[in-house]
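So this one's run.pdb, PDB, C-alpha atoms:
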ATOM      1  CA  MET D   1       0.000   0.000   0.000  1.00  0.00           C
ATOM      2  CA  PRO D   2       1.492   3.430  -0.937  1.00  0.00           C
ATOM      3  CA  LYS D   3       2.322   5.712   1.936  1.00  0.00           C
ATOM      4  CA  LYS D   4      -0.314   8.367   2.541  1.00  0.00           C
ATOM      5  CA  ARG D   5       0.751  11.862   1.622  1.00  0.00           C
ATOM      6  CA  GLU D   6       1.566  14.086   4.579  1.00  0.00           C
ATOM      7  CA  PRO D   7       2.117  17.490   2.974  1.00  0.00           C
ATOM      8  CA  PHE D   8       1.553  19.513   6.140  1.00  0.00           C
ATOM      9  CA  ARG D   9       4.489  18.272   8.159  1.00  0.00           C
ATOM     10  CA  LEU D  10       7.312  20.772   8.553  1.00  0.00           C
ATOM     11  CA  PRO D  11      10.309  19.283   6.710  1.00  0.00           C
ATOM     12  CA  GLN D  12      12.884  17.718   8.998  1.00  0.00           C
ATOM     13  CA  ALA D  13      16.237  19.471   9.134  1.00  0.00           C
ATOM     14  CA  GLU D  14      19.075  17.582   7.495  1.00  0.00           C
ATOM     15  CA  GLY D  15      20.775  15.276   9.985  1.00  0.00           C
ATOM     16  CA  GLU D  16      18.059  15.770  12.614  1.00  0.00           C
ATOM     17  CA  ARG D  17      17.061  12.608  14.494  1.00  0.00           C
ATOM     18  CA  GLU D  18      13.504  12.122  15.693  1.00  0.00           C
ATOM     19  CA  THR D  19      12.698  10.865  19.168  1.00  0.00           C
ATOM     20  CA  GLN D  20       9.920   8.351  19.734  1.00  0.00           C
ATOM     21  CA  ALA D  21       7.816  11.183  21.143  1.00  0.00           C
ATOM     22  CA  THR D  22       8.276  13.185  17.931  1.00  0.00           C
ATOM     23  CA  LYS D  23       7.408  10.189  15.780  1.00  0.00           C
ATOM     24  CA  ALA D  24       4.333   9.553  17.932  1.00  0.00           C
ATOM     25  CA  TYR D  25       3.364  13.219  17.589  1.00  0.00           C
ATOM     26  CA  HIS D  26       3.522  13.100  13.788  1.00  0.00           C
ATOM     27  CA  ALA D  27       1.599   9.816  13.657  1.00  0.00           C
ATOM     28  CA  VAL D  28      -1.249  10.995  15.892  1.00  0.00           C
ATOM     29  CA  ARG D  29      -1.338  14.430  14.272  1.00  0.00           C
ATOM     30  CA  ALA D  30      -1.767  12.812  10.858  1.00  0.00           C
ATOM     31  CA  MET D  31      -4.632  10.689  12.188  1.00  0.00           C
ATOM     32  CA  ILE D  32      -6.350  13.779  13.581  1.00  0.00           C
ATOM     33  CA  LEU D  33      -5.849  15.870  10.465  1.00  0.00           C
ATOM     34  CA  ARG D  34      -7.146  13.079   8.234  1.00  0.00           C
ATOM     35  CA  CYS D  35     -10.156  12.651  10.560  1.00  0.00           C
ATOM     36  CA  GLU D  36      -9.204   9.058  11.319  1.00  0.00           C
ATOM     37  CA  LEU D  37      -9.677  10.336  14.869  1.00  0.00           C
ATOM     38  CA  GLN D  38     -12.979  12.193  14.668  1.00  0.00           C
ATOM     39  CA  PRO D  39     -13.428  15.713  16.114  1.00  0.00           C
ATOM     40  CA  GLY D  40     -14.891  15.501  19.610  1.00  0.00           C
ATOM     41  CA  SER D  41     -14.042  11.814  20.090  1.00  0.00           C
ATOM     42  CA  ALA D  42     -12.287  10.507  23.204  1.00  0.00           C
ATOM     43  CA  ILE D  43      -8.708   9.305  22.765  1.00  0.00           C
ATOM     44  CA  ASN D  44      -8.048   5.729  23.796  1.00  0.00           C
ATOM     45  CA  ASP D  45      -4.433   5.432  24.990  1.00  0.00           C
ATOM     46  CA  ARG D  46      -4.310   1.660  24.582  1.00  0.00           C
ATOM     47  CA  PHE D  47      -5.709   1.776  21.044  1.00  0.00           C
ATOM     48  CA  LEU D  48      -3.265   4.488  19.987  1.00  0.00           C
ATOM     49  CA  THR D  49      -0.189   2.809  21.442  1.00  0.00           C
ATOM     50  CA  GLU D  50      -1.087  -0.359  19.523  1.00  0.00           C
ATOM     51  CA  LYS D  51      -1.901   1.599  16.379  1.00  0.00           C
ATOM     52  CA  ILE D  52       1.259   3.707  16.178  1.00  0.00           C
ATOM     53  CA  GLY D  53       3.671   1.283  17.844  1.00  0.00           C
ATOM     54  CA  TYR D  54       5.051   3.580  20.565  1.00  0.00           C
ATOM     55  CA  GLY D  55       4.688   3.387  24.338  1.00  0.00           C
ATOM     56  CA  ARG D  56       2.497   5.431  26.649  1.00  0.00           C
ATOM     57  CA  THR D  57       5.251   7.880  27.632  1.00  0.00           C
ATOM     58  CA  PRO D  58       6.047   8.984  24.043  1.00  0.00           C
ATOM     59  CA  LEU D  59       2.291   9.106  23.366  1.00  0.00           C
ATOM     60  CA  ARG D  60       1.656  11.323  26.389  1.00  0.00           C
ATOM     61  CA  GLU D  61       4.410  13.718  25.273  1.00  0.00           C
ATOM     62  CA  ALA D  62       2.899  13.749  21.791  1.00  0.00           C
ATOM     63  CA  LEU D  63      -0.567  14.544  23.138  1.00  0.00           C
ATOM     64  CA  LEU D  64       0.779  17.400  25.245  1.00  0.00           C
ATOM     65  CA  ARG D  65       2.382  18.860  22.130  1.00  0.00           C
ATOM     66  CA  LEU D  66      -0.858  18.455  20.177  1.00  0.00           C
ATOM     67  CA  ALA D  67      -2.729  20.196  22.984  1.00  0.00           C
ATOM     68  CA  GLY D  68      -0.436  23.176  22.404  1.00  0.00           C
ATOM     69  CA  GLU D  69      -1.675  23.234  18.803  1.00  0.00           C
ATOM     70  CA  ARG D  70      -5.307  23.041  19.975  1.00  0.00           C
ATOM     71  CA  LEU D  71      -5.772  19.681  18.276  1.00  0.00           C
ATOM     72  CA  VAL D  72      -6.501  17.779  21.488  1.00  0.00           C
ATOM     73  CA  ILE D  73      -8.089  18.852  24.761  1.00  0.00           C
ATOM     74  CA  PHE D  74      -7.276  17.560  28.252  1.00  0.00           C
ATOM     75  CA  GLN D  75     -10.539  17.520  30.207  1.00  0.00           C
ATOM     76  CA  ARG D  76     -10.808  17.819  33.992  1.00  0.00           C
ATOM     77  CA  ASN D  77     -12.009  14.221  34.343  1.00  0.00           C
ATOM     78  CA  GLN D  78      -8.716  13.009  32.786  1.00  0.00           C
ATOM     79  CA  VAL D  79     -10.438  12.308  29.478  1.00  0.00           C
ATOM     80  CA  ILE D  80      -8.462  13.445  26.435  1.00  0.00           C
ATOM     81  CA  GLU D  81     -10.534  14.464  23.409  1.00  0.00           C
ATOM     82  CA  VAL D  82      -9.801  15.308  19.817  1.00  0.00           C
ATOM     83  CA  ALA D  83     -10.622  19.002  19.590  1.00  0.00           C
ATOM     84  CA  PRO D  84     -14.035  19.638  18.018  1.00  0.00           C
ATOM     85  CA  VAL D  85     -14.409  22.148  15.188  1.00  0.00           C
ATOM     86  CA  GLU D  86     -16.557  25.184  15.962  1.00  0.00           C
ATOM     87  CA  VAL D  87     -17.645  27.592  13.249  1.00  0.00           C
ATOM     88  CA  SER D  88     -16.258  30.562  15.168  1.00  0.00           C
ATOM     89  CA  GLU D  89     -12.867  28.818  15.232  1.00  0.00           C
ATOM     90  CA  VAL D  90     -12.949  28.378  11.459  1.00  0.00           C
ATOM     91  CA  ASN D  91     -13.362  32.125  11.178  1.00  0.00           C
ATOM     92  CA  SER D  92     -10.496  32.751  13.591  1.00  0.00           C
ATOM     93  CA  LEU D  93      -8.293  30.279  11.707  1.00  0.00           C
ATOM     94  CA  TYR D  94      -8.846  31.886   8.327  1.00  0.00           C
ATOM     95  CA  THR D  95      -8.522  35.401   9.705  1.00  0.00           C
ATOM     96  CA  LEU D  96      -5.109  34.526  11.114  1.00  0.00           C
ATOM     97  CA  ARG D  97      -4.077  32.629   7.994  1.00  0.00           C
ATOM     98  CA  LEU D  98      -5.107  35.583   5.836  1.00  0.00           C
ATOM     99  CA  HIS D  99      -2.759  38.021   7.512  1.00  0.00           C
ATOM    100  CA  LEU D 100       0.139  35.634   8.166  1.00  0.00           C
ATOM    101  CA  GLU D 101       0.143  34.500   4.540  1.00  0.00           C
ATOM    102  CA  ARG D 102       0.095  38.064   3.270  1.00  0.00           C
ATOM    103  CA  LEU D 103       3.188  38.731   5.358  1.00  0.00           C
ATOM    104  CA  ALA D 104       4.900  35.509   4.256  1.00  0.00           C
ATOM    105  CA  TRP D 105       4.291  36.168   0.560  1.00  0.00           C
ATOM    106  CA  ARG D 106       5.542  39.720   0.902  1.00  0.00           C
ATOM    107  CA  LEU D 107       8.764  38.580   2.597  1.00  0.00           C
ATOM    108  CA  TRP D 108       9.222  35.774   0.091  1.00  0.00           C
ATOM    109  CA  LEU D 109       8.780  37.986  -2.974  1.00  0.00           C
ATOM    110  CA  GLU D 110      11.371  40.483  -1.727  1.00  0.00           C
ATOM    111  CA  ASN D 111      14.139  37.871  -1.938  1.00  0.00           C
ATOM    112  CA  ALA D 112      12.825  35.175  -4.288  1.00  0.00           C
ATOM    113  CA  SER D 113      15.276  34.061  -6.973  1.00  0.00           C
ATOM    114  CA  SER D 114      14.271  33.353 -10.559  1.00  0.00           C
ATOM    115  CA  LYS D 115      14.693  29.647  -9.806  1.00  0.00           C
ATOM    116  CA  GLN D 116      12.326  29.833  -6.824  1.00  0.00           C
ATOM    117  CA  ILE D 117       9.726  31.705  -8.865  1.00  0.00           C
ATOM    118  CA  SER D 118       9.990  29.173 -11.679  1.00  0.00           C
ATOM    119  CA  ARG D 119       9.550  26.264  -9.264  1.00  0.00           C
ATOM    120  CA  LEU D 120       6.475  27.904  -7.759  1.00  0.00           C
ATOM    121  CA  ALA D 121       5.009  28.639 -11.184  1.00  0.00           C
ATOM    122  CA  HIS D 122       5.275  24.982 -12.236  1.00  0.00           C
ATOM    123  CA  THR D 123       3.663  23.542  -9.095  1.00  0.00           C
ATOM    124  CA  PHE D 124       0.399  22.788 -10.864  1.00  0.00           C
ATOM    125  CA  ASP D 125       1.833  21.240 -14.024  1.00  0.00           C
ATOM    126  CA  ALA D 126       0.461  17.848 -12.955  1.00  0.00           C
ATOM    127  CA  VAL D 127      -3.158  19.062 -12.663  1.00  0.00           C
ATOM    128  CA  PRO D 128      -4.343  17.609 -16.025  1.00  0.00           C
ATOM    129  CA  ALA D 129      -2.886  14.166 -15.271  1.00  0.00           C
ATOM    130  CA  LEU D 130      -4.225  14.085 -11.702  1.00  0.00           C
ATOM    131  CA  THR D 131      -7.647  15.197 -12.937  1.00  0.00           C
ATOM    132  CA  ARG D 132      -7.753  12.378 -15.480  1.00  0.00           C
ATOM    133  CA  GLU D 133      -6.779   9.927 -12.740  1.00  0.00           C
ATOM    134  CA  GLY D 134      -9.456  11.277 -10.418  1.00  0.00           C
ATOM    135  CA  ASP D 135      -6.831  11.914  -7.726  1.00  0.00           C
ATOM    136  CA  VAL D 136      -8.610  14.501  -5.586  1.00  0.00           C
ATOM    137  CA  GLU D 137      -6.159  14.225  -2.698  1.00  0.00           C
ATOM    138  CA  GLY D 138      -3.237  14.542  -5.105  1.00  0.00           C
ATOM    139  CA  LEU D 139      -4.686  17.840  -6.357  1.00  0.00           C
ATOM    140  CA  LEU D 140      -5.045  19.021  -2.762  1.00  0.00           C
ATOM    141  CA  HIS D 141      -1.421  18.075  -2.163  1.00  0.00           C
ATOM    142  CA  LEU D 142      -0.329  20.398  -5.009  1.00  0.00           C
ATOM    143  CA  ASP D 143      -2.319  23.231  -3.445  1.00  0.00           C
ATOM    144  CA  PHE D 144      -0.522  22.916  -0.125  1.00  0.00           C
ATOM    145  CA  GLU D 145       2.813  22.271  -1.807  1.00  0.00           C
ATOM    146  CA  PHE D 146       2.373  25.627  -3.540  1.00  0.00           C
ATOM    147  CA  HIS D 147       1.752  27.507  -0.316  1.00  0.00           C
ATOM    148  CA  SER D 148       4.319  25.550   1.710  1.00  0.00           C
ATOM    149  CA  GLN D 149       7.135  26.602  -0.624  1.00  0.00           C
ATOM    150  CA  VAL D 150       6.534  30.166   0.486  1.00  0.00           C
ATOM    151  CA  TYR D 151       6.181  29.107   4.128  1.00  0.00           C
ATOM    152  CA  GLN D 152       9.608  27.457   3.974  1.00  0.00           C
ATOM    153  CA  GLU D 153      11.332  30.228   2.035  1.00  0.00           C
ATOM    154  CA  CYS D 154       9.866  33.363   3.668  1.00  0.00           C
ATOM    155  CA  GLY D 155      12.972  33.722   5.856  1.00  0.00           C
ATOM    156  CA  ASN D 156      11.171  33.841   9.227  1.00  0.00           C
ATOM    157  CA  PRO D 157      11.213  30.492  11.111  1.00  0.00           C
ATOM    158  CA  PHE D 158       8.501  31.575  13.554  1.00  0.00           C
ATOM    159  CA  LEU D 159       6.207  32.491  10.681  1.00  0.00           C
ATOM    160  CA  THR D 160       7.062  29.213   8.954  1.00  0.00           C
ATOM    161  CA  GLN D 161       6.076  27.162  12.012  1.00  0.00           C
ATOM    162  CA  ALA D 162       2.866  29.110  12.566  1.00  0.00           C
ATOM    163  CA  LEU D 163       1.753  28.668   8.965  1.00  0.00           C
ATOM    164  CA  TYR D 164       2.525  24.946   8.984  1.00  0.00           C
ATOM    165  CA  ASN D 165       0.374  24.558  12.097  1.00  0.00           C
ATOM    166  CA  LEU D 166      -2.457  26.502  10.462  1.00  0.00           C
ATOM    167  CA  SER D 167      -2.203  24.547   7.223  1.00  0.00           C
ATOM    168  CA  GLY D 168      -2.568  21.319   9.162  1.00  0.00           C
ATOM    169  CA  VAL D 169      -5.851  22.481  10.675  1.00  0.00           C
ATOM    170  CA  THR D 170      -6.987  23.599   7.217  1.00  0.00           C
ATOM    171  CA  TYR D 171      -6.216  20.091   5.981  1.00  0.00           C
ATOM    172  CA  ARG D 172      -8.565  18.668   8.629  1.00  0.00           C
ATOM    173  CA  LEU D 173     -11.335  20.998   7.461  1.00  0.00           C
ATOM    174  CA  TRP D 174     -10.852  19.690   3.935  1.00  0.00           C
ATOM    175  CA  PHE D 175     -11.290  16.104   5.101  1.00  0.00           C
ATOM    176  CA  MET D 176     -14.420  17.080   7.032  1.00  0.00           C
ATOM    177  CA  THR D 177     -16.040  18.728   4.021  1.00  0.00           C
ATOM    178  CA  ASN D 178     -14.504  16.853   1.069  1.00  0.00           C
ATOM    179  CA  THR D 179     -16.999  15.684  -1.566  1.00  0.00           C
ATOM    180  CA  ASN D 180     -14.409  13.950  -3.804  1.00  0.00           C
ATOM    181  CA  ASP D 181     -15.308  16.315  -6.639  1.00  0.00           C
ATOM    182  CA  VAL D 182     -12.211  16.124  -8.834  1.00  0.00           C
ATOM    183  CA  LYS D 183     -13.390  18.915 -11.152  1.00  0.00           C
ATOM    184  CA  ALA D 184     -13.936  21.276  -8.229  1.00  0.00           C
ATOM    185  CA  GLN D 185     -10.503  20.460  -6.792  1.00  0.00           C
ATOM    186  CA  ALA D 186      -8.897  21.006 -10.200  1.00  0.00           C
ATOM    187  CA  ALA D 187     -10.653  24.376 -10.435  1.00  0.00           C
ATOM    188  CA  THR D 188      -9.242  25.280  -7.030  1.00  0.00           C
ATOM    189  CA  ALA D 189      -5.758  24.410  -8.289  1.00  0.00           C
ATOM    190  CA  ARG D 190      -6.241  26.605 -11.365  1.00  0.00           C
ATOM    191  CA  SER D 191      -7.474  29.482  -9.207  1.00  0.00           C
ATOM    192  CA  HIS D 192      -3.846  30.098  -8.193  1.00  0.00           C
ATOM    193  CA  THR D 193      -3.045  31.438 -11.685  1.00  0.00           C
ATOM    194  CA  PRO D 194      -3.488  35.154 -10.790  1.00  0.00           C
ATOM    195  CA  ILE D 195      -1.111  34.681  -7.862  1.00  0.00           C
ATOM    196  CA  ILE D 196       1.501  33.149 -10.142  1.00  0.00           C
ATOM    197  CA  GLU D 197       1.093  36.000 -12.636  1.00  0.00           C
ATOM    198  CA  ALA D 198       1.640  38.598  -9.911  1.00  0.00           C
ATOM    199  CA  VAL D 199       4.736  36.725  -8.701  1.00  0.00           C
ATOM    200  CA  ARG D 200       6.193  36.541 -12.202  1.00  0.00           C
ATOM    201  CA  LYS D 201       5.735  40.301 -12.569  1.00  0.00           C
ATOM    202  CA  ARG D 202       7.132  40.827  -9.044  1.00  0.00           C
ATOM    203  CA  ASP D 203       4.104  43.039  -8.423  1.00  0.00           C
ATOM    204  CA  ALA D 204       3.862  43.135  -4.623  1.00  0.00           C
ATOM    205  CA  ARG D 205       0.614  45.101  -4.544  1.00  0.00           C
ATOM    206  CA  ALA D 206      -1.164  42.799  -6.993  1.00  0.00           C
ATOM    207  CA  LEU D 207       0.179  39.768  -5.129  1.00  0.00           C
ATOM    208  CA  ASP D 208      -1.164  41.042  -1.819  1.00  0.00           C
ATOM    209  CA  THR D 209      -4.578  41.609  -3.406  1.00  0.00           C
ATOM    210  CA  GLU D 210      -4.641  38.147  -4.970  1.00  0.00           C
ATOM    211  CA  ILE D 211      -3.577  36.391  -1.764  1.00  0.00           C
ATOM    212  CA  ALA D 212      -6.323  38.184   0.186  1.00  0.00           C
ATOM    213  CA  ARG D 213      -8.873  37.246  -2.478  1.00  0.00           C
ATOM    214  CA  HIS D 214      -7.706  33.635  -2.637  1.00  0.00           C
ATOM    215  CA  ILE D 215      -7.885  32.998   1.109  1.00  0.00           C
ATOM    216  CA  SER D 216     -11.178  34.848   1.500  1.00  0.00           C
ATOM    217  CA  GLU D 217     -12.683  32.685  -1.260  1.00  0.00           C
ATOM    218  CA  ALA D 218     -11.274  29.549   0.377  1.00  0.00           C
ATOM    219  CA  TYR D 219     -12.968  30.577   3.624  1.00  0.00           C
ATOM    220  CA  ASP D 220     -16.278  31.170   1.839  1.00  0.00           C
ATOM    221  CA  ALA D 221     -16.031  27.759   0.153  1.00  0.00           C
ATOM    222  CA  ILE D 222     -15.394  25.978   3.464  1.00  0.00           C
ATOM    223  CA  MET D 223     -18.309  27.772   5.111  1.00  0.00           C
ATOM    224  CA  ASP D 224     -20.603  26.862   2.209  1.00  0.00           C
ATOM    225  CA  LYS D 225     -19.663  23.197   2.642  1.00  0.00           C
ATOM    226  CA  PHE D 226     -20.381  23.412   6.355  1.00  0.00           C
ATOM    227  CA  ARG D 227     -23.823  24.760   5.526  1.00  0.00           C
ATOM    228  CA  VAL D 228     -24.543  21.989   3.030  1.00  0.00           C
ATOM    229  CA  ASN D 229     -23.205  19.228   5.275  1.00  0.00           C
ATOM    230  CA  THR D 230     -24.712  20.734   8.446  1.00  0.00           C
ATOM    231  CA  VAL D 231     -21.476  19.933  10.251  1.00  0.00           C
ATOM    232  CA  SER D 232     -22.174  22.617  12.844  1.00  0.00           C
ATOM    233  CA  ARG D 233     -24.385  25.592  13.606  1.00  0.00           C
ATOM    234  CA  ILE D 234     -23.729  28.357  11.104  1.00  0.00           C
ATOM    235  CA  GLY D 235     -23.917  32.066  11.606  1.00  0.00           C
ATOM    236  CA  GLU D 236     -23.032  34.886   9.266  1.00  0.00           C
ATOM    237  CA  ILE D 237     -19.375  35.322  10.242  1.00  0.00           C
ATOM    238  CA  PRO D 238     -17.437  37.317   7.630  1.00  0.00           C
ATOM    239  CA  ILE D 239     -13.677  36.873   7.511  1.00  0.00           C
ATOM    240  CA  GLN D 240     -11.999  39.779   9.275  1.00  0.00           C
ATOM    241  CA  LEU D 241     -10.152  41.737   6.619  1.00  0.00           C
ATOM    242  CA  LEU D 242      -7.808  44.597   7.404  1.00  0.00           C
ATOM    243  CA  THR D 243      -9.331  48.025   7.803  1.00  0.00           C
ATOM    244  CA  LYS D 244      -8.644  50.537   5.039  1.00  0.00           C
ATOM    245  CA  GLU D 245      -6.066  52.275   7.235  1.00  0.00           C
ATOM    246  CA  GLU D 246      -4.288  48.997   8.089  1.00  0.00           C
ATOM    247  CA  SER D 247      -4.309  47.894   4.471  1.00  0.00           C
ATOM    248  CA  ASN D 248      -2.813  51.185   3.304  1.00  0.00           C
ATOM    249  CA  GLY D 249      -0.155  50.940   6.006  1.00  0.00           C
ATOM    250  CA  LEU D 250       0.840  47.462   4.826  1.00  0.00           C
ATOM    251  CA  ARG D 251       1.204  48.620   1.222  1.00  0.00           C
ATOM    252  CA  ASP D 252       3.164  51.738   2.140  1.00  0.00           C
ATOM    253  CA  ALA D 253       5.512  49.955   4.575  1.00  0.00           C
TER     254      ALA D 253
END

Structure re-expressed in structure tokens:
Amino acid sequence: MPKKREPFRLPQAEGERETQATKAYHAVRAMILRCELQPGSAINDRFLTEKIGYGRTPLREALLRLAGERLVIFQRNQVIEVAPVEVSEVNSLYTLRLHLERLAWRLWLENASSKQISRLAHTFDAVPALTREGDVEGLLHLDFEFHSQVYQECGNPFLTQALYNLSGVTYRLWFMTNTNDVKAQAATARSHTPIIEAVRKRDARALDTEIARHISEAYDAIMDKFRVNTVSRIGEIPIQLLTKEESNGLRDA
């Protein structure tokens, strides 16, 4: 069986060795993000230790780390739960992602080489083949590969880590709302074209506009799927864009 893609794991530094606790963390995190452990479900220590092949001590360290990412919750009665997904949290997630990505893309564009731009521009070359194969998850992988290049190359390790954490939660939302519509996923991949055009022109203002549009539309699409699937109670919660004054300050900085 081919290994499942895990595009939202921060690449390991060359020569870095992983402890059992780190390996357990990545294994459980992947299960949560792929909804193999359902939101709101109780975590069974014995089941997980058998499933991932690590002892209770590495597992406990992994769960503590995941709690720091708000992916698991330690309850007062010693029950550990997979964090549920509330609509208000989706809004908070995309609001934060909106502004962190705008910063990351701005930093990246300032120093991006021609080689880096070319690599980014060719990220979606495999879209036609993946569409023919009906590989919806493969198309999603390209989407996050596109964004993660900028996360890795923005030059700010704190920003890189924060965006990888956010992208992981976004991945879980995709699994919760995925309809296996290959045409829709291919259209999402193609929607990155205006971003690529702005990058090629090194037009920072146009790039900022396109990133804001892209993430706002992604938020709207997720919320629409929540409404259709009745995953949770829905309210009218618009994504929190910058005020006119803040936006002008960002462009002029």

To verify the selection step, state as a count of residues only which residues the PyMOL selection byres ((chain D and resi 159-169) around 8) yields on this input. 22

For this file, the PyMOL selection byres ((chain D and resi 58) around 12) selects which residues, as a PDB file with C-alpha atoms, in the frame of the given file?
ATOM      1  CA  GLU D  18      13.504  12.122  15.693  1.00  0.00           C
ATOM      2  CA  THR D  19      12.698  10.865  19.168  1.00  0.00           C
ATOM      3  CA  GLN D  20       9.920   8.351  19.734  1.00  0.00           C
ATOM      4  CA  ALA D  21       7.816  11.183  21.143  1.00  0.00           C
ATOM      5  CA  THR D  22       8.276  13.185  17.931  1.00  0.00           C
ATOM      6  CA  LYS D  23       7.408  10.189  15.780  1.00  0.00           C
ATOM      7  CA  ALA D  24       4.333   9.553  17.932  1.00  0.00           C
ATOM      8  CA  TYR D  25       3.364  13.219  17.589  1.00  0.00           C
ATOM      9  CA  HIS D  26       3.522  13.100  13.788  1.00  0.00           C
ATOM     10  CA  ALA D  27       1.599   9.816  13.657  1.00  0.00           C
ATOM     11  CA  VAL D  28      -1.249  10.995  15.892  1.00  0.00           C
ATOM     12  CA  ASP D  45      -4.433   5.432  24.990  1.00  0.00           C
ATOM     13  CA  LEU D  48      -3.265   4.488  19.987  1.00  0.00           C
ATOM     14  CA  THR D  49      -0.189   2.809  21.442  1.00  0.00           C
ATOM     15  CA  ILE D  52       1.259   3.707  16.178  1.00  0.00           C
ATOM     16  CA  GLY D  53       3.671   1.283  17.844  1.00  0.00           C
ATOM     17  CA  TYR D  54       5.051   3.580  20.565  1.00  0.00           C
ATOM     18  CA  GLY D  55       4.688   3.387  24.338  1.00  0.00           C
ATOM     19  CA  ARG D  56       2.497   5.431  26.649  1.00  0.00           C
ATOM     20  CA  THR D  57       5.251   7.880  27.632  1.00  0.00           C
ATOM     21  CA  LEU D  59       2.291   9.106  23.366  1.00  0.00           C
ATOM     22  CA  ARG D  60       1.656  11.323  26.389  1.00  0.00           C
ATOM     23  CA  GLU D  61       4.410  13.718  25.273  1.00  0.00           C
ATOM     24  CA  ALA D  62       2.899  13.749  21.791  1.00  0.00           C
ATOM     25  CA  LEU D  63      -0.567  14.544  23.138  1.00  0.00           C
ATOM     26  CA  LEU D  64       0.779  17.400  25.245  1.00  0.00           C
ATOM     27  CA  ARG D  65       2.382  18.860  22.130  1.00  0.00           C
TER      28      ARG D  65
END

Counting all atoms listed in the file, what is within 12 Å of Val182 (chain D), bar same-chain residues fewer than 4 positions away, as a PyMOL selection string? chain D and resi 127-140+178+186-189

Would you list the contacts of Ile211 (chain D) as number ranges by chain, taking every protein, DNA or RNA residue within 12 Å and counting only C-alpha atoms, but skipping same-chain residues closer than 3 positions in sequence? D: 97-106, 147, 191-199, 204-208, 214-218, 241

Selection under test: the PyMOL selection byres ((chain D and resi 78) around 12); residues as JSON, numbers by chain: {"D": [42, 43, 44, 45, 73, 74, 75, 76, 77, 79, 80, 81]}

Separation of CA of Gln149 (chain D) and CA of Lys115 (chain D), in Å?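 Between CA of Gln149 (chain D) and CA of Lys115 (chain D) the gap works out to 12.3 Å.
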
Which is closest to Asp143 (chain D) among D:Arg46, D:Arg17, D:Arg34, D:Arg190, if we use all atoms listed in the file?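 Result for the nearest residue to Asp143 (chain D): D:Arg190.
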
Would you place a box with edges along x, y and z of the file around all atoms of region 27-39 of chain D listed there, add 6 Å to each of its six sides, and report the centre and edge lengths in Å to one decimal, as lines of an AutoDock Vina configuration file?
center_x = -5.9
center_y = 12.5
center_z = 12.2
size_x = 27.0
size_y = 18.8
size_z = 19.9

Pick out the residues sitting within 12 Å of Ser114 (chain D), and hand them over as a list in words; count all atoms listed in the file, and ignore anything fewer than 5 positions along from it in its own chain.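 Once the adjacent positions are removed, what remains is Leu109, Arg119, Leu120, Ala121, Val199, Arg200, Lys201 and Arg202 of chain D.
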
Between CA of Ala30 (chain D) and CA of Val150 (chain D) - distance in Å to one decimal: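 Separation between CA of Val150 (chain D) and CA of Ala30 (chain D): 21.9 Å.
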